[in-house]
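Okay, so here's the structure we're looking at.
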Amino acid sequence: MSLDQAIFQKKVVQFDKLEAAGFVFSGESYFYKEGILDGDFEVHVQIDEAGRLTSLVFDKDLEEEYTAVQVPSAIGPFVGQVREAYLAVLNRLAATCFEALPFAKEQTNRLARRIHNEWGDPMDHPFEKHPDYASYRIGGKWYALIFPLKLGKLGVIGDRAEEQVEVVNLKVQPGDMQDLLSLPSIYPSYHMSKKSWISLVLDERLTDEEVWELITKSRQLANPNPLANGEGPDFWVIPANPKVYDIDSEFAQTKIVYWTQKGKIQKGDLVAMYITAPVQAIRYVCRCLESEIDNTIYPNESPVKKLMKVELIAQFSDDILPREKMKELGVRAVRGPRRMTKELIAVVKEAMLG
């Protein structure tokens with residue numbers, strides 16, 4: 001990997017910032033030149049309309065490229081000075097004209113954005129010694145593990161064996177394994193159970209929709225019951241006053257909302273929203289994605305110091321759990337956050353599965 005590839009592999013160019021940084025558009029590309037080491041050398045950078053970047057160091061005395069900066073074994077004091085100056089230019093351009101991305105491949109970044117937009121699941125880095133590994137979880141369980149890998153590790157031989165790719169490990173039904181392995185870019189799982197996991201190379205050979213379908217199924221398999229949580233959730237009921245806040249309109253636009261932190265509700269807990277008068281019924285069931293969030297989102301609402309982020313996972317018609325039915329199940333009033341009774345939990349679970 002070249003020096004510029006190492007710097008820019010997880011970044012995307014911001015074209016609107018190039019001219020202000022000194023780039024000049026000519027033909028079909030943007031060009032940048034900067035003198036280094038008292039003008040004896042120049043850094044040349046080219047970015048084409050697809051955002052691909054190439055660069056070199058030009059020796060003005062010899063009127064040719066100074067290739068020693070790209071040779072790892074070249075470690076003398078002079079080449080070290082040139083390399084340091086070259087990298088300083090590239091790093092400054094990366095900071096001013098590029099946006100950092102979590103992954104190197106375009107398809108991986110598109111899918112990461114979709115996971116965030118659809119579910120709000122946070123990405124984490126499970127291995128301290130391997131910071132390039134990223135995982136997504138539900139109920140504490142992995143449903144996607146993304147990491148860089150050489151194709152040879154998946155059994156690919158020949159010229160492509162040394163090619164560096166990004167792979168996502170996904171959970172699958174064992175009965176589907178044979179059909180899946182016949183598809184392009186899908187291999188027996190690397191470093192996970194080959195009976196129930198696959199490794200999928202994110203190289204655009206499968207469409208985003210095809211990959212998304214597999215990610216969705218993996219998430220469902222990791223947490224088949226939407227009420228289940230590996231850590232054992234609490235089940236809560238909280239009031240939602242339609243005269244104060246139009247939660248119906250909010251959920252019509254997005255499945256993930258911020259709500260005033262209530263009681264001891266924690267990440268992973270299930271939260272039923274009881275719509276107060278004139279409705280007087282449980283209409284929504286949510287999962288708490290984050291709790292005890294400092295209120296920097298609505299700073300003008302000073303009484304609200306903490307927020308929680310919840311994801312809508314079920315919606316009931318108002319005749320499923322009206323106030324009278326809730327009384328029969330041991331919940332006579334919902335004036336603030338309270339835990340559900342066992343009887344109410346059972347009915348909520350049944351309604352969720354129905």
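Residues in the structure tokens are numbered from 1 in each chain, the chains being A, B, ... in the order shown, and ligands are numbered from 1 in the order shown.
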
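Contact shell of Leu180 in chain A at 12 Å (only C-alpha atoms; same-chain neighbours under 2 positions omitted): Leu170, Lys171, Val172, Gln173, Pro174, Gly175, Asp176, Met177, Gln178, Ser182, Leu183, Pro184, Ser185, Ile186, Tyr187, Pro188, Ser189, Ser196, Trp197, Ile198, Ser199, Leu200, Leu206, Glu210, Val211 and Leu214 of chain A.
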
With only C-alpha atoms counted and 12 Å as the cut-off, give the residues of range 73-192 of chain A in contact with range 35-58 of chain A, each with its shortest interatomic distance in Å and the pair that gives it, as a Markdown table.
| residue | atom | partner | partner_atom | distance |
| --- | --- | --- | --- | --- |
| A:Phe78 | CA | A:Leu37 | CA | 10.5 |
| A:Val79 | CA | A:Val57 | CA | 11.2 |
| A:Gly80 | CA | A:Leu37 | CA | 11.7 |
| A:Gln81 | CA | A:Leu37 | CA | 8.2 |
| A:Val82 | CA | A:Leu37 | CA | 7.3 |
| A:Arg83 | CA | A:Val57 | CA | 8.8 |
| A:Glu84 | CA | A:Ile36 | CA | 10.0 |
| A:Ala85 | CA | A:Ile36 | CA | 6.4 |
| A:Tyr86 | CA | A:Val43 | CA | 6.4 |
| A:Leu87 | CA | A:Val43 | CA | 9.5 |
| A:Ala88 | CA | A:Ile36 | CA | 9.9 |
| A:Val89 | CA | A:Val43 | CA | 7.6 |
| A:Leu90 | CA | A:Val45 | CA | 8.6 |
| A:Leu93 | CA | A:Val45 | CA | 9.7 |
| A:Ala94 | CA | A:Leu53 | CA | 10.9 |
| A:Cys97 | CA | A:Ile47 | CA | 11.2 |
| A:Phe98 | CA | A:Gly51 | CA | 10.1 |
| A:Glu99 | CA | A:Gly51 | CA | 11.8 |
| A:Glu106 | CA | A:Gly51 | CA | 11.6 |

Store the residues picked out above, limited to C-alpha atoms, as a compact mmCIF listing (two decimals), in the first residue's frame.
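In the end it all went to result.txt:
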# COMPACT_ATOMS: atom_id res chain seq x y z
CA PHE A 78 17.66 12.72 3.61
CA VAL A 79 14.87 10.50 2.31
CA GLY A 80 13.38 10.64 5.79
CA GLN A 81 13.18 14.44 5.59
CA VAL A 82 11.53 14.31 2.17
CA ARG A 83 9.06 11.65 3.30
CA GLU A 84 8.16 13.62 6.43
CA ALA A 85 7.50 16.80 4.42
CA TYR A 86 5.48 14.85 1.85
CA LEU A 87 3.31 13.23 4.53
CA ALA A 88 2.74 16.58 6.23
CA VAL A 89 1.24 17.95 3.01
CA LEU A 90 -0.98 14.89 2.51
CA LEU A 93 -5.07 18.05 2.73
CA ALA A 94 -6.79 15.06 4.32
CA CYS A 97 -10.61 18.55 2.06
CA PHE A 98 -11.75 15.07 3.08
CA GLU A 99 -14.34 13.49 5.34
CA GLU A 106 -17.84 2.30 -0.55

Can you tell me, as an MDAnalysis selection string, what residues are no more than 12 Å from Glu328 in chain A when counting only C-alpha atoms, ignoring any on the same chain fewer than 5 positions away?
chainID A and resid 321:323 333 341:344 347

Residues from the last selection, C-alpha atoms, saved as a short mmCIF file (atom, residue, chain, number, x, y, z; two decimals), in the first residue's frame:
data_model
loop_
_atom_site.label_atom_id
_atom_site.label_comp_id
_atom_site.auth_asym_id
_atom_site.auth_seq_id
_atom_site.Cartn_x
_atom_site.Cartn_y
_atom_site.Cartn_z
CA LEU A 321 -54.54 -2.68 25.66
CA PRO A 322 -57.02 0.01 26.69
CA ARG A 323 -57.10 1.32 30.25
CA ALA A 333 -52.76 3.94 36.65
CA THR A 341 -46.90 -6.68 35.95
CA LYS A 342 -46.18 -10.26 34.88
CA GLU A 343 -49.71 -10.44 33.52
CA LEU A 344 -49.24 -7.34 31.37
CA VAL A 347 -50.17 -9.95 27.02
#

Applying 10 Å and only C-alpha atoms, which residues near range 125-132 of chain A remain after dropping the ones on its own chain fewer than 2 positions away? List them as a short mmCIF file (atom, residue, chain, number, x, y, z; two decimals) with N, CA and C atoms, in the first residue's frame.
data_model
loop_
_atom_site.label_atom_id
_atom_site.label_comp_id
_atom_site.auth_asym_id
_atom_site.auth_seq_id
_atom_site.Cartn_x
_atom_site.Cartn_y
_atom_site.Cartn_z
N PRO A 102 -15.89 5.36 8.31
CA PRO A 102 -15.53 4.24 9.19
C PRO A 102 -14.83 3.09 8.46
N PHE A 103 -15.09 2.96 7.15
CA PHE A 103 -14.55 1.82 6.41
C PHE A 103 -13.89 2.28 5.11
N MET A 123 -22.05 1.07 16.40
CA MET A 123 -20.91 0.24 15.99
C MET A 123 -19.90 0.23 17.12
N ALA A 134 -14.92 -4.18 13.40
CA ALA A 134 -16.10 -3.47 13.90
C ALA A 134 -17.27 -4.43 13.98
N SER A 135 -18.09 -4.28 15.00
CA SER A 135 -19.24 -5.17 15.15
C SER A 135 -20.51 -4.39 15.40
N TYR A 136 -21.62 -5.01 15.03
CA TYR A 136 -22.96 -4.53 15.35
C TYR A 136 -23.66 -5.61 16.16
N LEU A 145 -20.06 -8.71 11.89
CA LEU A 145 -18.67 -8.42 12.25
C LEU A 145 -17.93 -8.06 10.96
N ILE A 146 -17.40 -6.84 10.89
CA ILE A 146 -16.77 -6.33 9.68
C ILE A 146 -15.27 -6.16 9.93
N PHE A 147 -14.46 -6.60 8.97
CA PHE A 147 -13.01 -6.53 9.17
C PHE A 147 -12.29 -6.62 7.82
N PRO A 148 -11.04 -6.11 7.76
CA PRO A 148 -10.22 -6.25 6.54
C PRO A 148 -9.58 -7.63 6.50
#

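Each of A:Asp121, A:Glu65, A:Asp294, A:Glu19 was checked against Ala144 in chain A using only C-alpha atoms; the smallest atom-to-atom distance is that of A:Asp121.
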
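You will find CA of Ser291 in chain A at 18.7 Å from CA of Ile247 in chain A.
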
Could you name the residues that touch Gln266 in chain A at 8 Å or less, counting only C-alpha atoms, but leaving out those on the same chain fewer than 4 positions away, as a JSON list (two decimals) with C-alpha atoms, in the first residue's frame?
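Saved result, result-v4.json, follows:
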[["chain", "number", "residue", "atom", "x", "y", "z"],
["A", 288, "CYS", "CA", -34.28, 1.64, 24.89],
["A", 290, "GLU", "CA", -29.31, 4.43, 25.08],
["A", 291, "SER", "CA", -30.07, 5.91, 28.47],
["A", 292, "GLU", "CA", -28.85, 8.75, 30.68]]

Write out as a list in words each polymer residue whose atoms come within 7 Å of Glu311 in chain A, counting only C-alpha atoms; drop sequence neighbours fewer than 3 positions from it.
Lys255, Ile256, Val257, Cys286, Arg287, Cys288 and Leu289 of chain A

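We find CA of Tyr245 in chain A and CA of Ile115 in chain A to be spaced 27.3 Å apart.
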
Please identify which residues in range 93-168 of chain A DSSP calls helix (DSSP H, G or I) from the backbone, and express them as a ChimeraX atom specification.
/A:93-97,106-118,151-154,158-162

Same residues, C-alpha atoms, output as a PDB file, in the first residue's frame:
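Saved result, selection.pdb, follows:
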ATOM      1  CA  LEU A  93      -5.068  18.049   2.731  1.00  0.00           C
ATOM      2  CA  ALA A  94      -6.790  15.056   4.315  1.00  0.00           C
ATOM      3  CA  ALA A  95      -7.851  17.199   7.262  1.00  0.00           C
ATOM      4  CA  THR A  96      -9.102  20.140   5.183  1.00  0.00           C
ATOM      5  CA  CYS A  97     -10.608  18.553   2.062  1.00  0.00           C
ATOM      6  CA  GLU A 106     -17.838   2.301  -0.554  1.00  0.00           C
ATOM      7  CA  GLN A 107     -20.315  -0.559  -0.193  1.00  0.00           C
ATOM      8  CA  THR A 108     -19.340  -1.094   3.446  1.00  0.00           C
ATOM      9  CA  ASN A 109     -19.884   2.586   4.230  1.00  0.00           C
ATOM     10  CA  ARG A 110     -23.268   2.630   2.486  1.00  0.00           C
ATOM     11  CA  LEU A 111     -24.444  -0.338   4.534  1.00  0.00           C
ATOM     12  CA  ALA A 112     -23.092   1.181   7.771  1.00  0.00           C
ATOM     13  CA  ARG A 113     -25.118   4.338   7.075  1.00  0.00           C
ATOM     14  CA  ARG A 114     -28.214   2.242   6.437  1.00  0.00           C
ATOM     15  CA  ILE A 115     -27.796   0.315   9.701  1.00  0.00           C
ATOM     16  CA  HIS A 116     -27.557   3.639  11.515  1.00  0.00           C
ATOM     17  CA  ASN A 117     -30.563   5.130   9.727  1.00  0.00           C
ATOM     18  CA  GLU A 118     -32.803   2.056   9.961  1.00  0.00           C
ATOM     19  CA  LEU A 151      -8.680 -13.044   0.018  1.00  0.00           C
ATOM     20  CA  GLY A 152      -6.197 -15.859   0.495  1.00  0.00           C
ATOM     21  CA  LYS A 153      -7.534 -16.300   4.039  1.00  0.00           C
ATOM     22  CA  LEU A 154     -10.868 -17.294   2.478  1.00  0.00           C
ATOM     23  CA  GLY A 158      -3.683 -17.133  -7.563  1.00  0.00           C
ATOM     24  CA  ASP A 159      -3.213 -13.444  -8.274  1.00  0.00           C
ATOM     25  CA  ARG A 160      -6.096 -12.320  -6.031  1.00  0.00           C
ATOM     26  CA  ALA A 161      -4.894 -14.126  -2.907  1.00  0.00           C
ATOM     27  CA  GLU A 162      -3.034 -11.034  -1.639  1.00  0.00           C
TER      28      GLU A 162
END
